[in-house]
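J.: Structure in structure tokens, see below.
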Amino acid sequence: MSEPLLSVTVITFNEEQNIRDCLASVAWADEIVVVDACSNDQTPLICREFTDRVIQRPWPGHVAQKQYALEQARGAWILCLDADERLSLEAAAEVKTIIHNPNAANGYTFPRQSFYLGRWIRHGGWYPDRKLRLVRRGCGRWRW
């Protein structure tokens, strides 16, 4: 079996309200890796609708869990999402263009828009809140 081109990683804990929409937005990816911190809701079951790569692992902390998920990915490119995030159609098209470009950089940031107190925040330094989310395998690491 050949190496996947794009892996998506997501860490979860009791995210049954969010995870289906998140994974549906990246269902086209070659591989989805979910590292679940032993949820006691339907999160793992929902994740298995999208991937067989659902790894149960006790919570060691945010950075350690994100790094562990990154290390489990087999793709040449890795897209890291949070369970409450969705990849828009425009962002998906951009990711597809990047991963097929032989001259692409090793990492890319995406603007993140926060939903706070029932509304999208588009000002006050909250948007665009750019975060590194797409990296070539071996070229990124989670740390504080």
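By convention here, the chains of the structure tokens are called A, B, ... in the order presented, each chain's residues are numbered starting at 1, and ligands are numbered starting at 1 in the order presented.
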Could you name the residues that touch A:Glu16 at 9 Å or less, counting only C-alpha atoms, but leaving out those on the same chain fewer than 4 positions away, as an mmCIF file with N, CA, C and O atoms, in the first residue's frame?
T.:
```cif
data_model
loop_
_atom_site.group_PDB
_atom_site.id
_atom_site.type_symbol
_atom_site.label_atom_id
_atom_site.label_comp_id
_atom_site.auth_asym_id
_atom_site.auth_seq_id
_atom_site.Cartn_x
_atom_site.Cartn_y
_atom_site.Cartn_z
ATOM 1 N N ARG A 20 -18.643 14.873 14.231
ATOM 2 C CA ARG A 20 -19.176 14.433 12.932
ATOM 3 C C ARG A 20 -18.980 15.507 11.862
ATOM 4 O O ARG A 20 -18.514 15.232 10.761
ATOM 5 N N ASP A 41 -18.602 9.318 25.951
ATOM 6 C CA ASP A 41 -19.810 9.560 25.174
ATOM 7 C C ASP A 41 -19.679 8.804 23.843
ATOM 8 O O ASP A 41 -18.920 7.854 23.756
ATOM 9 N N GLN A 42 -20.366 9.220 22.834
ATOM 10 C CA GLN A 42 -20.377 8.511 21.542
ATOM 11 C C GLN A 42 -19.252 8.936 20.590
ATOM 12 O O GLN A 42 -19.227 8.513 19.441
ATOM 13 N N THR A 43 -18.330 9.756 21.051
ATOM 14 C CA THR A 43 -17.264 10.261 20.178
ATOM 15 C C THR A 43 -16.534 9.149 19.420
ATOM 16 O O THR A 43 -16.434 9.216 18.186
ATOM 17 N N PRO A 44 -15.998 8.122 20.079
ATOM 18 C CA PRO A 44 -15.256 7.096 19.332
ATOM 19 C C PRO A 44 -16.119 6.388 18.286
ATOM 20 O O PRO A 44 -15.648 6.112 17.177
ATOM 21 N N LEU A 45 -17.358 6.114 18.615
ATOM 22 C CA LEU A 45 -18.268 5.457 17.674
ATOM 23 C C LEU A 45 -18.501 6.321 16.439
ATOM 24 O O LEU A 45 -18.455 5.835 15.301
ATOM 25 N N ILE A 46 -18.715 7.602 16.638
ATOM 26 C CA ILE A 46 -18.914 8.524 15.517
ATOM 27 C C ILE A 46 -17.649 8.589 14.664
ATOM 28 O O ILE A 46 -17.709 8.565 13.436
ATOM 29 N N CYS A 47 -16.491 8.661 15.310
ATOM 30 C CA CYS A 47 -15.220 8.727 14.575
ATOM 31 C C CYS A 47 -15.030 7.511 13.682
ATOM 32 O O CYS A 47 -14.526 7.625 12.559
#
```
J.: Within 12 Å of A:Gly61, counting only C-alpha atoms, which residues show up once you throw out same-chain ones fewer than 2 positions away? Write them as a tab-separated table (two decimals) with N, CA, C and O atoms, in the first residue's frame, please.
T.:
```
chain	number	residue	atom	x	y	z
A	11	ILE	N	-7.63	15.50	17.81
A	11	ILE	CA	-7.68	14.95	19.16
A	11	ILE	C	-9.08	15.23	19.72
A	11	ILE	O	-9.69	16.25	19.41
A	12	THR	N	-9.57	14.28	20.54
A	12	THR	CA	-10.93	14.41	21.05
A	12	THR	C	-11.04	13.99	22.51
A	12	THR	O	-10.24	13.19	23.00
A	13	PHE	N	-12.07	14.51	23.14
A	13	PHE	CA	-12.55	14.03	24.44
A	13	PHE	C	-13.99	14.51	24.57
A	13	PHE	O	-14.25	15.72	24.63
A	37	ALA	N	-9.14	10.80	23.98
A	37	ALA	CA	-8.70	10.72	25.38
A	37	ALA	C	-9.71	9.96	26.23
A	37	ALA	O	-10.15	10.43	27.27
A	57	ARG	N	-6.27	6.93	24.02
A	57	ARG	CA	-5.06	7.24	24.79
A	57	ARG	C	-5.43	8.20	25.91
A	57	ARG	O	-6.02	9.25	25.65
A	58	PRO	N	-5.09	7.87	27.15
A	58	PRO	CA	-5.38	8.80	28.25
A	58	PRO	C	-4.76	10.17	27.99
A	58	PRO	O	-3.74	10.29	27.31
A	59	TRP	N	-5.38	11.19	28.54
A	59	TRP	CA	-4.99	12.58	28.31
A	59	TRP	C	-3.66	12.91	29.00
A	59	TRP	O	-3.59	12.95	30.24
A	63	VAL	N	-0.54	19.62	24.36
A	63	VAL	CA	0.61	19.56	23.44
A	63	VAL	C	1.06	18.12	23.21
A	63	VAL	O	1.29	17.71	22.07
A	64	ALA	N	1.15	17.34	24.28
A	64	ALA	CA	1.59	15.95	24.14
A	64	ALA	C	0.61	15.14	23.30
A	64	ALA	O	1.02	14.31	22.48
A	65	GLN	N	-0.69	15.39	23.46
A	65	GLN	CA	-1.69	14.65	22.68
A	65	GLN	C	-1.63	15.06	21.21
A	65	GLN	O	-1.71	14.21	20.32
A	66	LYS	N	-1.48	16.36	20.95
A	66	LYS	CA	-1.36	16.83	19.56
A	66	LYS	C	-0.10	16.25	18.90
A	66	LYS	O	-0.14	15.82	17.75
A	67	GLN	N	1.01	16.23	19.63
A	67	GLN	CA	2.25	15.69	19.08
A	67	GLN	C	2.11	14.20	18.81
A	67	GLN	O	2.55	13.71	17.78
A	68	TYR	N	1.50	13.48	19.73
A	68	TYR	CA	1.28	12.05	19.53
A	68	TYR	C	0.46	11.81	18.26
A	68	TYR	O	0.78	10.93	17.45
A	142	TRP	N	4.65	19.90	17.72
A	142	TRP	CA	3.86	20.64	18.71
A	142	TRP	C	4.73	20.83	19.94
A	142	TRP	O	5.28	19.87	20.48
A	143	ARG	N	4.80	22.07	20.41
A	143	ARG	CA	5.50	22.35	21.65
A	143	ARG	C	5.14	23.74	22.12
A	143	ARG	O	4.68	24.57	21.37
A	144	TRP	N	5.38	24.01	23.38
A	144	TRP	CA	5.14	25.33	23.95
A	144	TRP	C	6.43	25.90	24.43
A	144	TRP	O	7.34	25.39	24.82
```
J.: Quick one: residues within 9 Å of A:Cys22, only C-alpha atoms, excluding same-chain residues fewer than 4 positions away - as a PyMOL selection string?
T.: chain A and resi 10+18+26-27+81-87
J.: Produce a file of the selected residues containing N, CA, C and O atoms, as an mmCIF file, in the first residue's frame.
T.:
```
data_model
loop_
_atom_site.group_PDB
_atom_site.id
_atom_site.type_symbol
_atom_site.label_atom_id
_atom_site.label_comp_id
_atom_site.auth_asym_id
_atom_site.auth_seq_id
_atom_site.Cartn_x
_atom_site.Cartn_y
_atom_site.Cartn_z
ATOM 1 N N VAL A 10 -6.928 14.690 14.485
ATOM 2 C CA VAL A 10 -7.856 15.367 15.389
ATOM 3 C C VAL A 10 -7.732 14.693 16.753
ATOM 4 O O VAL A 10 -7.715 13.465 16.836
ATOM 5 N N ASN A 18 -19.584 17.768 18.179
ATOM 6 C CA ASN A 18 -18.788 18.469 17.167
ATOM 7 C C ASN A 18 -18.134 17.575 16.123
ATOM 8 O O ASN A 18 -17.914 17.998 14.994
ATOM 9 N N VAL A 26 -13.521 16.812 6.138
ATOM 10 C CA VAL A 26 -12.240 16.306 5.621
ATOM 11 C C VAL A 26 -12.334 14.844 5.202
ATOM 12 O O VAL A 26 -11.308 14.165 5.060
ATOM 13 N N ALA A 27 -13.539 14.373 4.971
ATOM 14 C CA ALA A 27 -13.744 12.964 4.612
ATOM 15 C C ALA A 27 -13.015 12.585 3.329
ATOM 16 O O ALA A 27 -12.724 11.409 3.104
ATOM 17 N N LEU A 81 -6.456 19.483 12.898
ATOM 18 C CA LEU A 81 -7.678 20.220 13.217
ATOM 19 C C LEU A 81 -8.092 19.941 14.655
ATOM 20 O O LEU A 81 -7.735 18.914 15.222
ATOM 21 N N ASP A 82 -8.892 20.845 15.200
ATOM 22 C CA ASP A 82 -9.550 20.616 16.475
ATOM 23 C C ASP A 82 -10.945 20.085 16.186
ATOM 24 O O ASP A 82 -11.514 20.342 15.121
ATOM 25 N N ALA A 83 -11.514 19.363 17.138
ATOM 26 C CA ALA A 83 -12.805 18.711 16.926
ATOM 27 C C ALA A 83 -13.931 19.695 16.637
ATOM 28 O O ALA A 83 -14.908 19.344 15.985
ATOM 29 N N ASP A 84 -13.804 20.926 17.077
ATOM 30 C CA ASP A 84 -14.853 21.910 16.826
ATOM 31 C C ASP A 84 -14.579 22.757 15.591
ATOM 32 O O ASP A 84 -15.277 23.733 15.335
ATOM 33 N N GLU A 85 -13.593 22.378 14.809
ATOM 34 C CA GLU A 85 -13.280 23.095 13.571
ATOM 35 C C GLU A 85 -13.828 22.345 12.364
ATOM 36 O O GLU A 85 -13.991 21.126 12.391
ATOM 37 N N ARG A 86 -14.085 23.088 11.309
ATOM 38 C CA ARG A 86 -14.495 22.526 10.028
ATOM 39 C C ARG A 86 -13.619 23.146 8.954
ATOM 40 O O ARG A 86 -13.299 24.327 9.031
ATOM 41 N N LEU A 87 -13.284 22.365 7.944
ATOM 42 C CA LEU A 87 -12.521 22.879 6.823
ATOM 43 C C LEU A 87 -13.523 23.322 5.762
ATOM 44 O O LEU A 87 -14.306 22.507 5.267
#
```
J.: Write out as JSON, numbers by chain the residues lying within 7 Å of A:Trp77, counting only C-alpha atoms and excluding same-chain residues fewer than 5 positions away.
T.: {"A": [5, 6, 7, 99, 134, 135, 136, 137]}
J.: Could you list, as a list in words, every residue within 9 Å of A:Gln56, counting only C-alpha atoms and ignoring same-chain residues fewer than 6 positions away?
T.: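 In the requested format, the answer is Val34, Val35, Asp36, Ala37, Cys38, Ser39 and Pro44 of chain A.
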J.: Put those residues in a file: N, CA and C atoms, as a PDB file, in the first residue's frame.
T.:
```
ATOM      1  N   VAL A  34      -7.662   9.887  14.531  1.00  0.00           N
ATOM      2  CA  VAL A  34      -8.277  10.495  15.712  1.00  0.00           C
ATOM      3  C   VAL A  34      -7.620   9.890  16.940  1.00  0.00           C
ATOM      4  N   VAL A  35      -7.135  10.742  17.823  1.00  0.00           N
ATOM      5  CA  VAL A  35      -6.607  10.297  19.102  1.00  0.00           C
ATOM      6  C   VAL A  35      -7.599  10.770  20.150  1.00  0.00           C
ATOM      7  N   ASP A  36      -8.298   9.810  20.736  1.00  0.00           N
ATOM      8  CA  ASP A  36      -9.367  10.094  21.680  1.00  0.00           C
ATOM      9  C   ASP A  36      -8.895   9.832  23.111  1.00  0.00           C
ATOM     10  N   ALA A  37      -9.142  10.802  23.980  1.00  0.00           N
ATOM     11  CA  ALA A  37      -8.700  10.717  25.377  1.00  0.00           C
ATOM     12  C   ALA A  37      -9.714   9.961  26.232  1.00  0.00           C
ATOM     13  N   CYS A  38     -10.093   8.769  25.748  1.00  0.00           N
ATOM     14  CA  CYS A  38     -10.979   7.868  26.501  1.00  0.00           C
ATOM     15  C   CYS A  38     -12.334   8.504  26.800  1.00  0.00           C
ATOM     16  N   SER A  39     -12.959   9.031  25.765  1.00  0.00           N
ATOM     17  CA  SER A  39     -14.279   9.649  25.893  1.00  0.00           C
ATOM     18  C   SER A  39     -15.277   8.674  26.495  1.00  0.00           C
ATOM     19  N   PRO A  44     -15.998   8.122  20.079  1.00  0.00           N
ATOM     20  CA  PRO A  44     -15.256   7.096  19.332  1.00  0.00           C
ATOM     21  C   PRO A  44     -16.119   6.388  18.286  1.00  0.00           C
TER      22      PRO A  44
END
```
J.: Considering only C-alpha atoms, return as a list in words whatever protein or nucleic-acid residues lie within 8 Å of A:Leu70, sequence-local ones (same chain, fewer than 4 positions apart) excluded.
T.: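 Listing them by chain and then by number gives Thr9, Lys66, Ile78, Cys80 and Arg141 of chain A.
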J.: Quick one: DSSP alpha helix (DSSP H) residues in chain A, as a ChimeraX atom specification?
T.: /A:19-24,43-47,62-72,89-99
J.: Counting only C-alpha atoms, which residue out of A:Glu3, A:Arg48, A:Asn40, A:Arg130 sits closest to A:Ile19?
T.: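 Among the listed residues, the smallest separation from A:Ile19 belongs to A:Arg48.
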J.: Could you tell me, as a list in words, which residues of stretch 33-95 of chain A DSSP assigns to strand (DSSP E) when given the backbone?
T.: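 Checking each residue of stretch 33-95 of chain A, the strand (DSSP E) ones are Val33, Val34, Val35, Asp36, Val54, Ile55, Gln56, Trp77, Ile78, Leu79, Cys80, Leu81 and Asp82 of chain A.
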J.: To one decimal in Å, tell me the separation between atom CA of A:Arg74 and atom CA of A:Cys139.
T.: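 Separating atom CA of A:Arg74 from atom CA of A:Cys139 is a distance of 13.3 Å.
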J.: Which is closer to A:Pro111 than all the others in A:Glu31, A:Ala24, A:Arg133, A:Glu71, using only C-alpha atoms?
T.: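 Of A:Glu31, A:Ala24, A:Arg133, A:Glu71, the one nearest A:Pro111 is A:Arg133, counting only C-alpha atoms.
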